[in-house]
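Participant: If it helps, the file is called structure_20.txt and holds compact mmCIF, C-alpha atoms:
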```txt
# COMPACT_ATOMS: atom_id res chain seq x y z
CA MET F 61 33.36 91.97 325.61
CA THR F 62 33.10 94.82 328.17
CA HIS F 63 34.24 94.56 331.74
CA THR F 64 30.62 94.66 333.00
CA THR F 65 29.52 91.88 330.66
CA HIS F 66 32.42 89.69 331.77
CA ILE F 67 31.50 90.15 335.44
CA GLN F 68 27.86 89.20 334.71
CA SER F 69 28.94 86.06 332.88
CA LEU F 70 31.10 84.97 335.78
CA ARG F 71 28.21 85.61 338.19
CA HIS F 72 25.83 83.41 336.12
CA ARG F 73 28.40 80.58 336.02
CA HIS F 74 28.87 80.83 339.79
CA LEU F 75 25.13 80.64 340.42
CA GLY F 76 24.79 77.59 338.08
CA LEU F 77 27.63 75.80 339.86
CA MET F 78 26.10 76.48 343.24
CA ALA F 79 22.75 75.10 342.06
CA THR F 80 24.39 71.91 340.76
CA LEU F 81 26.30 71.39 344.01
CA GLY F 82 23.15 71.97 345.96
CA LEU F 83 21.26 69.30 343.99
CA ALA F 84 24.06 66.80 344.44
CA ALA F 85 24.19 67.55 348.17
CA ALA F 86 20.44 67.07 348.41
CA LEU F 87 20.65 63.67 346.71
CA ALA F 88 23.51 62.66 348.96
CA TRP F 89 21.39 63.41 352.02
CA VAL F 90 18.64 61.00 350.87
CA PRO F 91 18.82 58.01 353.27
CA ALA F 92 20.37 54.85 351.74
CA SER F 93 17.45 52.73 352.98
CA VAL F 94 15.00 54.85 350.98
CA ARG F 95 17.08 54.50 347.79
CA ALA F 96 17.48 50.71 348.19
CA GLN F 97 13.83 50.14 348.88
CA ALA F 98 12.88 52.12 345.76
CA SER F 99 14.64 49.62 343.43
CA PRO F 100 12.65 46.50 342.36
CA THR F 101 14.22 43.27 343.59
CA PHE F 102 14.15 39.53 342.98
CA THR F 103 14.78 36.78 345.55
CA ILE F 104 17.07 34.00 344.33
CA GLY F 105 15.58 30.53 344.73
CA LEU F 106 16.00 26.99 343.48
CA LYS F 107 14.35 26.12 340.17
CA GLN F 108 13.66 22.76 338.58
CA SER F 109 15.35 22.62 335.22
CA GLY F 110 15.35 20.02 332.50
CA ALA F 111 19.12 20.51 332.35
CA SER F 112 19.09 21.43 328.68
CA THR F 113 22.46 22.42 327.35
CA PHE F 114 23.48 24.36 324.26
CA LEU F 115 26.58 23.67 322.17
CA ASP F 116 27.92 25.09 318.94
CA GLY F 117 28.01 22.92 315.84
CA VAL F 118 29.22 23.22 312.26
CA VAL F 119 27.29 22.19 309.15
CA GLN F 120 29.12 19.67 306.97
CA PRO F 121 28.15 17.86 303.76
CA VAL F 122 27.59 14.12 304.04
CA LYS F 123 28.99 13.57 300.53
CA GLN F 124 32.29 15.33 299.98
CA SER F 125 35.06 14.08 297.72
CA THR F 126 38.64 15.15 297.17
CA VAL F 127 39.24 14.50 293.48
CA SER F 128 42.84 13.48 292.84
CA ALA F 129 44.91 12.70 289.76
CA GLN F 130 45.29 9.08 288.66
CA ALA F 131 47.77 9.76 285.87
CA SER F 132 51.09 11.58 285.64
CA GLY F 133 51.62 14.58 283.42
CA ARG F 134 51.10 18.29 283.06
CA ILE F 135 47.57 19.60 283.59
CA ALA F 136 46.53 20.70 280.12
CA SER F 137 43.28 22.42 281.10
CA PHE F 138 41.25 23.18 284.21
CA VAL F 139 37.68 23.93 283.19
CA VAL F 140 35.99 24.60 286.59
CA LYS F 141 36.56 26.92 289.52
CA ALA F 142 35.39 27.20 293.11
CA GLY F 143 31.64 27.77 293.30
CA ASP F 144 30.78 26.06 290.00
CA LYS F 145 27.95 23.56 289.87
CA VAL F 146 28.88 20.26 288.23
CA LYS F 147 27.07 17.12 287.07
CA ALA F 148 28.19 13.53 287.52
CA GLY F 149 30.62 12.62 284.73
CA GLN F 150 31.27 16.26 283.75
CA LEU F 151 34.82 17.04 282.62
CA LEU F 152 36.75 18.94 285.28
CA ALA F 153 40.34 18.89 284.01
CA THR F 154 42.54 17.21 281.41
CA ILE F 155 46.11 15.93 281.76
CA ASP F 156 48.64 15.74 278.92
CA ASP F 157 47.93 12.31 277.41
CA ARG F 158 50.80 11.94 274.91
CA GLU F 159 52.58 9.35 277.02
CA ALA F 160 49.34 7.43 277.56
CA SER F 161 48.64 7.51 273.83
CA VAL F 162 52.06 6.03 273.03
CA GLY F 163 51.47 3.29 275.60
CA GLN F 164 48.11 2.46 274.05
CA GLN F 165 49.65 2.23 270.57
CA ARG F 166 52.35 -0.10 271.86
CA SER F 167 49.73 -2.32 273.51
CA GLN F 168 47.69 -2.41 270.30
CA ALA F 169 50.74 -3.54 268.38
CA GLN F 170 51.31 -6.33 270.88
CA VAL F 171 47.71 -7.45 270.44
CA ASP F 172 48.12 -7.57 266.66
CA GLN F 173 51.29 -9.64 267.01
CA ALA F 174 49.61 -12.00 269.48
CA ASP F 175 46.68 -12.50 267.08
CA ALA F 176 49.07 -13.37 264.27
CA ASP F 177 50.98 -15.84 266.45
CA LEU F 178 47.68 -17.40 267.56
CA ARG F 179 46.50 -17.90 263.97
CA ASN F 180 49.83 -19.47 263.04
CA ALA F 181 49.78 -21.79 266.07
CA LYS F 182 46.22 -22.87 265.36
CA ALA F 183 46.99 -23.63 261.72
CA ASN F 184 50.07 -25.63 262.74
CA PHE F 185 48.01 -27.57 265.29
CA ASP F 186 45.33 -28.38 262.73
CA ARG F 187 47.92 -29.70 260.21
CA THR F 188 49.73 -31.71 262.88
CA LYS F 189 46.50 -33.24 264.07
CA ASP F 190 45.55 -34.28 260.54
CA LEU F 191 48.96 -35.81 259.89
CA GLN F 192 48.95 -37.65 263.18
CA ALA F 193 45.53 -39.10 262.38
CA LYS F 194 46.97 -40.51 259.10
CA GLY F 195 49.94 -41.92 260.96
CA PHE F 196 52.62 -39.74 259.41
CA ILE F 197 53.81 -38.15 262.70
CA SER F 198 53.94 -39.22 266.30
CA GLN F 199 51.71 -38.26 269.21
CA ALA F 200 54.59 -36.27 270.68
CA ALA F 201 54.55 -33.90 267.72
CA LEU F 202 50.82 -33.34 268.21
CA ASP F 203 51.39 -32.60 271.90
CA THR F 204 54.04 -30.04 270.98
CA ALA F 205 51.70 -28.29 268.55
CA ASP F 206 48.93 -28.25 271.17
CA ALA F 207 51.29 -26.65 273.70
CA GLN F 208 52.29 -24.00 271.17
CA LEU F 209 48.61 -23.22 270.52
CA LYS F 210 47.85 -22.79 274.23
CA SER F 211 50.92 -20.57 274.65
CA ALA F 212 49.75 -18.36 271.77
CA LYS F 213 46.29 -18.03 273.33
CA ALA F 214 47.85 -17.01 276.65
CA GLN F 215 50.00 -14.39 274.93
CA ARG F 216 46.95 -13.05 273.12
CA ASP F 217 45.05 -12.78 276.46
CA GLN F 218 48.04 -11.00 278.02
CA ALA F 219 48.19 -8.51 275.18
CA SER F 220 44.44 -7.89 275.43
CA ALA F 221 44.78 -7.16 279.16
CA ALA F 222 47.65 -4.76 278.42
CA ILE F 223 45.57 -2.77 275.95
CA ARG F 224 42.69 -2.57 278.40
CA GLN F 225 45.13 -1.24 280.99
CA SER F 226 46.42 1.32 278.47
CA SER F 227 42.83 2.40 277.76
CA LEU F 228 42.23 2.93 281.47
CA ALA F 229 45.42 5.00 281.74
CA GLN F 230 44.23 7.03 278.76
CA GLY F 231 40.90 7.62 280.51
CA PHE F 232 42.65 8.78 283.68
CA THR F 233 43.91 11.83 281.79
CA ARG F 234 40.32 13.13 281.79
CA VAL F 235 39.25 14.04 285.33
CA THR F 236 35.47 13.92 285.75
CA ALA F 237 33.01 14.67 288.56
CA PRO F 238 32.06 11.63 290.68
CA PHE F 239 28.57 12.98 291.49
CA ASP F 240 26.32 16.02 291.17
CA GLY F 241 27.46 18.84 293.40
CA TRP F 242 29.42 22.06 293.82
CA VAL F 243 33.13 22.76 293.59
CA LEU F 244 34.23 23.74 297.08
CA GLN F 245 37.88 24.52 296.33
CA THR F 246 40.59 23.93 293.74
CA ASP F 247 44.11 22.85 294.64
CA ALA F 248 45.74 23.03 291.21
CA GLN F 249 45.65 24.93 287.95
CA ALA F 250 46.60 24.48 284.31
CA GLY F 251 50.32 23.92 283.93
CA ASP F 252 50.84 22.21 287.28
CA LEU F 253 52.36 18.75 287.39
CA ALA F 254 49.81 16.08 288.21
CA VAL F 255 50.91 12.88 289.92
CA PRO F 256 48.76 9.99 291.19
CA GLY F 257 47.20 10.89 294.52
CA LYS F 258 47.73 14.64 294.25
CA PRO F 259 44.48 16.52 295.11
CA LEU F 260 43.09 18.63 292.31
CA LEU F 261 39.80 19.91 293.75
CA VAL F 262 37.09 19.24 296.34
CA ILE F 263 33.45 18.61 295.41
CA TYR F 264 30.50 18.35 297.78
CA ALA F 265 26.84 17.49 297.36
CA PRO F 266 24.50 20.22 298.72
CA LEU F 267 22.22 17.58 300.24
CA PRO F 268 22.14 15.73 302.55
CA LEU F 269 23.87 17.74 305.29
CA ARG F 270 24.84 17.04 308.88
CA VAL F 271 25.88 19.02 311.93
CA VAL F 272 29.09 18.09 313.73
CA VAL F 273 29.28 18.96 317.43
CA GLN F 274 32.36 18.64 319.62
CA VAL F 275 31.00 17.68 323.06
CA PRO F 276 33.33 18.47 326.00
CA ALA F 277 34.03 15.68 328.48
CA SER F 278 32.42 17.79 331.23
CA ARG F 279 29.06 17.63 329.41
CA ALA F 280 29.32 14.15 327.94
CA VAL F 281 27.03 12.55 330.55
CA LEU F 282 24.40 15.29 330.27
CA VAL F 283 24.41 15.19 326.47
CA GLY F 284 24.28 11.39 326.50
CA GLN F 285 21.05 11.54 328.55
CA ALA F 286 19.37 13.94 326.12
CA ALA F 287 16.00 12.68 324.94
CA ASN F 288 15.51 15.48 322.42
CA VAL F 289 18.10 17.12 320.17
CA GLN F 290 17.34 20.19 318.08
CA VAL F 291 19.42 22.35 315.76
CA GLN F 292 18.81 26.08 315.53
CA ALA F 293 19.67 27.22 312.02
CA GLY F 294 20.10 30.88 313.01
CA GLU F 295 19.85 33.51 310.31
CA ALA F 296 19.82 30.89 307.52
CA VAL F 297 16.35 29.70 308.59
CA PRO F 298 15.08 32.35 311.07
CA GLY F 299 13.20 30.94 314.06
CA ALA F 300 13.50 27.36 312.81
CA TRP F 301 14.46 24.37 314.94
CA ILE F 302 15.46 21.26 313.00
CA THR F 303 15.18 17.80 314.53
CA PRO F 304 17.96 15.51 313.24
CA SER F 305 16.85 12.38 311.43
CA ALA F 306 19.73 10.34 312.91
CA THR F 307 22.47 10.76 315.52
CA SER F 308 25.81 9.02 315.75
CA VAL F 309 28.76 9.35 318.11
CA ILE F 310 32.37 8.76 317.14
CA PRO F 311 33.68 6.31 319.80
CA SER F 312 36.89 8.24 320.49
CA SER F 313 38.00 11.42 322.24
CA ASP F 314 40.41 14.07 321.02
CA PRO F 315 43.50 13.89 323.27
CA VAL F 316 44.11 17.65 323.09
CA SER F 317 40.64 19.23 323.37
CA GLN F 318 39.09 16.31 325.31
CA THR F 319 35.96 16.38 323.19
CA THR F 320 33.85 13.70 321.51
CA GLU F 321 32.41 14.21 318.04
CA TRP F 322 28.64 13.93 317.56
CA ARG F 323 27.17 13.80 314.05
CA LEU F 324 23.57 14.89 313.57
CA GLU F 325 22.06 13.99 310.19
CA LEU F 326 19.63 16.67 308.97
CA PRO F 327 16.48 15.99 306.91
CA ALA F 328 16.82 17.34 303.38
CA ALA F 329 13.50 19.19 303.38
CA GLN F 330 14.41 21.37 306.38
CA SER F 331 18.10 21.91 305.70
CA ALA F 332 17.88 23.19 302.13
CA GLY F 333 18.85 26.72 303.24
CA LEU F 334 22.04 25.67 305.01
CA VAL F 335 25.54 25.62 303.55
CA PRO F 336 28.70 23.80 304.69
CA GLY F 337 30.77 25.68 307.25
CA LEU F 338 27.79 27.47 308.81
CA GLN F 339 27.87 27.61 312.61
CA VAL F 340 24.64 26.65 314.38
CA ARG F 341 23.38 26.13 317.92
CA VAL F 342 22.43 22.65 319.10
CA LYS F 343 20.11 22.08 322.05
CA PHE F 344 20.29 18.84 324.03
CA SER F 345 17.19 18.45 326.24
CA VAL F 346 17.21 15.99 329.15
CA PRO F 347 13.87 14.30 330.06
CA ALA F 348 11.90 15.53 333.07
CA ALA F 349 12.80 12.43 335.09
CA THR F 350 16.35 13.72 335.37
CA ASN F 351 15.49 17.31 336.26
CA ARG F 352 17.86 19.01 338.68
CA SER F 353 17.60 21.99 341.03
CA LEU F 354 19.64 25.05 340.21
CA LEU F 355 19.89 28.75 340.96
CA ALA F 356 18.70 31.19 338.30
CA VAL F 357 18.82 34.97 338.03
CA PRO F 358 16.67 37.14 335.71
CA GLU F 359 18.48 38.49 332.68
CA GLN F 360 17.69 42.12 333.56
CA ALA F 361 19.52 41.76 336.89
CA ILE F 362 22.85 40.88 335.22
CA VAL F 363 25.50 43.56 334.80
CA ARG F 364 28.10 42.95 332.09
CA ARG F 365 31.12 45.23 332.04
CA GLY F 366 33.74 43.84 329.70
CA GLU F 367 34.69 40.42 331.06
CA LEU F 368 33.01 41.12 334.42
CA THR F 369 29.61 39.53 335.05
CA ALA F 370 27.93 40.66 338.28
CA VAL F 371 24.65 41.45 340.01
CA TYR F 372 23.62 44.02 342.63
CA VAL F 373 22.88 42.13 345.85
CA LYS F 374 20.92 43.77 348.65
CA ASN F 375 23.14 44.01 351.71
CA GLY F 376 21.20 45.50 354.58
CA GLU F 377 19.84 48.80 353.31
CA VAL F 378 22.17 49.16 350.32
CA PHE F 379 23.16 47.24 347.20
CA THR F 380 26.63 45.87 346.60
CA LEU F 381 28.02 44.71 343.28
CA ARG F 382 28.96 41.02 343.42
CA ALA F 383 30.70 39.05 340.67
CA VAL F 384 28.97 35.83 339.59
CA ARG F 385 29.77 32.95 337.25
CA LEU F 386 26.90 32.13 334.93
CA GLY F 387 25.96 28.91 333.16
CA GLN F 388 23.47 28.16 330.43
CA THR F 389 20.53 30.32 329.44
CA LEU F 390 17.20 28.98 330.69
CA GLY F 391 14.94 31.10 328.52
CA ALA F 392 12.10 32.71 330.45
CA ASP F 393 13.57 31.41 333.74
CA GLY F 394 16.68 33.56 333.32
CA THR F 395 20.27 32.36 333.43
CA GLU F 396 21.80 29.65 335.56
CA VAL F 397 24.15 30.83 338.34
CA LEU F 398 27.10 28.53 338.97
CA ALA F 399 28.86 30.59 341.65
CA GLY F 400 28.50 33.89 343.51
CA LEU F 401 24.92 33.60 344.80
CA LYS F 402 22.94 31.39 347.14
CA ALA F 403 19.26 30.73 347.67
CA GLY F 404 17.63 33.63 349.52
CA ASP F 405 19.87 36.39 348.15
CA VAL F 406 17.97 39.46 346.97
CA VAL F 407 19.17 41.10 343.76
CA ALA F 408 18.18 44.34 342.09
CA LEU F 409 16.24 44.14 338.86
CA ASP F 410 16.89 47.81 337.99
CA THR F 411 20.66 47.86 337.80
CA VAL F 412 20.81 51.57 336.92
CA ARG F 413 18.86 52.58 340.02
CA ALA F 414 20.85 50.14 342.13
CA ALA F 415 24.10 51.67 340.86
CA GLN F 416 22.86 55.15 341.83
CA ALA F 417 21.87 53.88 345.26
CA ARG F 418 25.31 52.39 345.80
CA PRO F 419 27.81 54.04 343.51
CA THR F 420 30.87 52.27 344.94
CA ALA F 421 31.29 48.57 344.09
CA GLN F 422 32.40 46.06 346.70
```
Kindly present the structure from the file in structure tokens form.
Facilitator:
Amino acid sequence: MTHTTHIQSLRHRHLGLMATLGLAAALAWVPASVRAQASPTFTIGLKQSGASTFLDGVVQPVKQSTVSAQASGRIASFVVKAGDKVKAGQLLATIDDREASVGQQRSQAQVDQADADLRNAKANFDRTKDLQAKGFISQAALDTADAQLKSAKAQRDQASAAIRQSSLAQGFTRVTAPFDGWVLQTDAQAGDLAVPGKPLLVIYAPLPLRVVVQVPASRAVLVGQAANVQVQAGEAVPGAWITPSATSVIPSSDPVSQTTEWRLELPAAQSAGLVPGLQVRVKFSVPAATNRSLLAVPEQAIVRRGELTAVYVKNGEVFTLRAVRLGQTLGADGTEVLAGLKAGDVVALDTVRAAQARPTAQ
């Protein structure tokens, strides 16, 4: 680059900088009252609201079972995994049944012995009865034979009960599904030691479903007055609001979170697209008779910068940025204002223009 070209480049940069400074100076000389009046505004006033409140809920299956072992032994096979669909009575896992088989054989042997003793006691009773009728033996001998016969019958019944118990223990080595459903999770695998009561897997039925909502103590009264409850399924069923078929409240409060559990039963026809664990929004609507007055601000007037929520409030001829605490969303009426504004305050609807009119926040 030649010396002349370098000088011309510097001259062009100087002229551009002067033009920019001149434009900024011209904007700075525009009266603040003109800039404030140019921004559209909204006057804060009291609105009548049905005091509807929104809470988050979680979808849960009504029928969910933790399948546990009822017999001791090594798990020989595990034939399902998480996500599998199962039918009632379907084999899920097997437990080593050698010990149960030995127990069943022992019980069968006891039954055979009891049957033999019973036949012998009955034959002895019949002979004794015949001899006593002919007068060859006393009544005491007949009573003794009768007692031996009853004892043999009792021993046979005891042995029969033992073999039935052994058969049940043998059946416990085959773990089956209690109902039609899906495998939610598995807690064991082949080779693990199974003991009575140890969870093996969790099964749930896809229908019916319910939504569980933890209602804070601060909203318990408002939610308790709700005349209409609706569940918004979100992306699972876009634009759909589901009305629960039944509502129940657990009559206790969590000592840590200070919440009460509400259970909303969902109709099967409308909840087919939902799955357990899905988070949904629940709307509790209070009847018009209990409407309350509140302050609301349009959504376009709200400035969100990180954790700061504020609005531009008209203060004389300028706008100042004022932090506010917001409540629930009121739909077309805007958002409830809990603190930071009062009735009669004027806020800017065009936050960008208001920021240019008053670049420094107060």
Participant: Could you list, as a ChimeraX atom specification, every residue within 8 Å of Leu244 of chain F, counting all atoms listed in the file and ignoring same-chain residues fewer than 3 positions away?
Facilitator: /F:142-143,261-264
Participant: So the first atom is atom CA of Thr126 of chain F and the second is atom CA of Lys145 of chain F; what is the distance between them in Å, to one decimal place?
Facilitator: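 Spanning atom CA of Thr126 of chain F to atom CA of Lys145 of chain F is a straight-line distance of 15.4 Å.
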Participant: Could you give me, as number ranges by chain, the residues that have an atom at most 7 Å away from the point (16.5, 14.8, 312.7) in the coordinates of the file, using only C-alpha atoms?
Facilitator: F: 302-306, 325-327
Participant: Identify, on the basis of all atoms listed in the file, every residue whose closest approach to Gln150 of chain F does not exceed 12 Å; exclude the query and any residue fewer than 5 positions from it along the same chain; express the result as a list in words.
Facilitator: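 Within the cut-off, the hits are Val139, Val140, Asp144, Lys145, Arg234, Val235, Thr236, Ala237, Pro238, Phe239, Asp240, Gly241, Trp242 and Val243 of chain F.
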Participant: Go through F:Ser125, F:Leu355, F:Ala329, F:Asp156 one by one, measure the shortest atom-to-atom distance of each to Asp393 of chain F using all atoms listed in the file, and give the residue with the smallest value.
Facilitator: F:Leu355
Participant: State, in Å with one decimal place, the distance from atom CA of Ala356 of chain F to atom CA of Gln274 of chain F.
Facilitator: 26.3 Å
Participant: For atom CA of Arg179 of chain F and atom CA of Arg216 of chain F, quote the distance in Å rounded to one decimal.
Facilitator: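 Separation of atom CA of Arg179 of chain F and atom CA of Arg216 of chain F: 10.4 Å.
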Participant: Compare F:Lys189, F:Arg413, F:Arg382, F:Lys343 by their minimum atom-to-atom distance to Leu202 of chain F, counting only C-alpha atoms, and give me the closest one.
Facilitator: F:Lys189
Participant: Point out the residue among F:Gln168, F:Ser161, F:Thr380, F:Gln230 with the least atom-to-atom distance to Ala414 of chain F, counting all atoms listed in the file.
Facilitator: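 Closest residue, counting all atoms listed in the file: F:Thr380.
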Participant: Measuring between only C-alpha atoms, which one of F:Thr204, F:Ser99, F:Gln165, F:Gln290 shows the shortest distance to Asn184 of chain F?
Facilitator: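 Ranked by minimum distance to Asn184 of chain F, first place goes to F:Thr204.
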Participant: Which residue out of F:Val275, F:Asp116, F:Pro266, F:Thr154 has the minimum interatomic distance to Ser312 of chain F when only C-alpha atoms are used?
Facilitator: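 So, comparing all the options, the nearest one is F:Val275.
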Participant: Of the candidates F:Ile310, F:Ala153, F:Leu338, F:Leu260, which shows the shortest atom-to-atom distance to Gln292 of chain F, using all atoms listed in the file?
Facilitator: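 That would be F:Leu338, the residue with the smallest distance to Gln292 of chain F.
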Participant: Need to verify the contact set: Arg134 of chain F, 10 Å, only C-alpha atoms, exclusion of same-chain residues closer than 6 positions in sequence. Can you return it as a JSON list (two decimals) with C-alpha atoms, in the frame of the given file?
Facilitator:
```
[["chain", "number", "residue", "atom", "x", "y", "z"],
["F", 154, "THR", "CA", 42.54, 17.21, 281.41],
["F", 155, "ILE", "CA", 46.11, 15.93, 281.76],
["F", 156, "ASP", "CA", 48.64, 15.74, 278.92],
["F", 157, "ASP", "CA", 47.93, 12.31, 277.41],
["F", 233, "THR", "CA", 43.91, 11.83, 281.79],
["F", 249, "GLN", "CA", 45.65, 24.93, 287.95],
["F", 250, "ALA", "CA", 46.60, 24.48, 284.31],
["F", 251, "GLY", "CA", 50.32, 23.92, 283.93],
["F", 252, "ASP", "CA", 50.84, 22.21, 287.28],
["F", 253, "LEU", "CA", 52.36, 18.75, 287.39],
["F", 254, "ALA", "CA", 49.81, 16.08, 288.21],
["F", 255, "VAL", "CA", 50.91, 12.88, 289.92]]
```
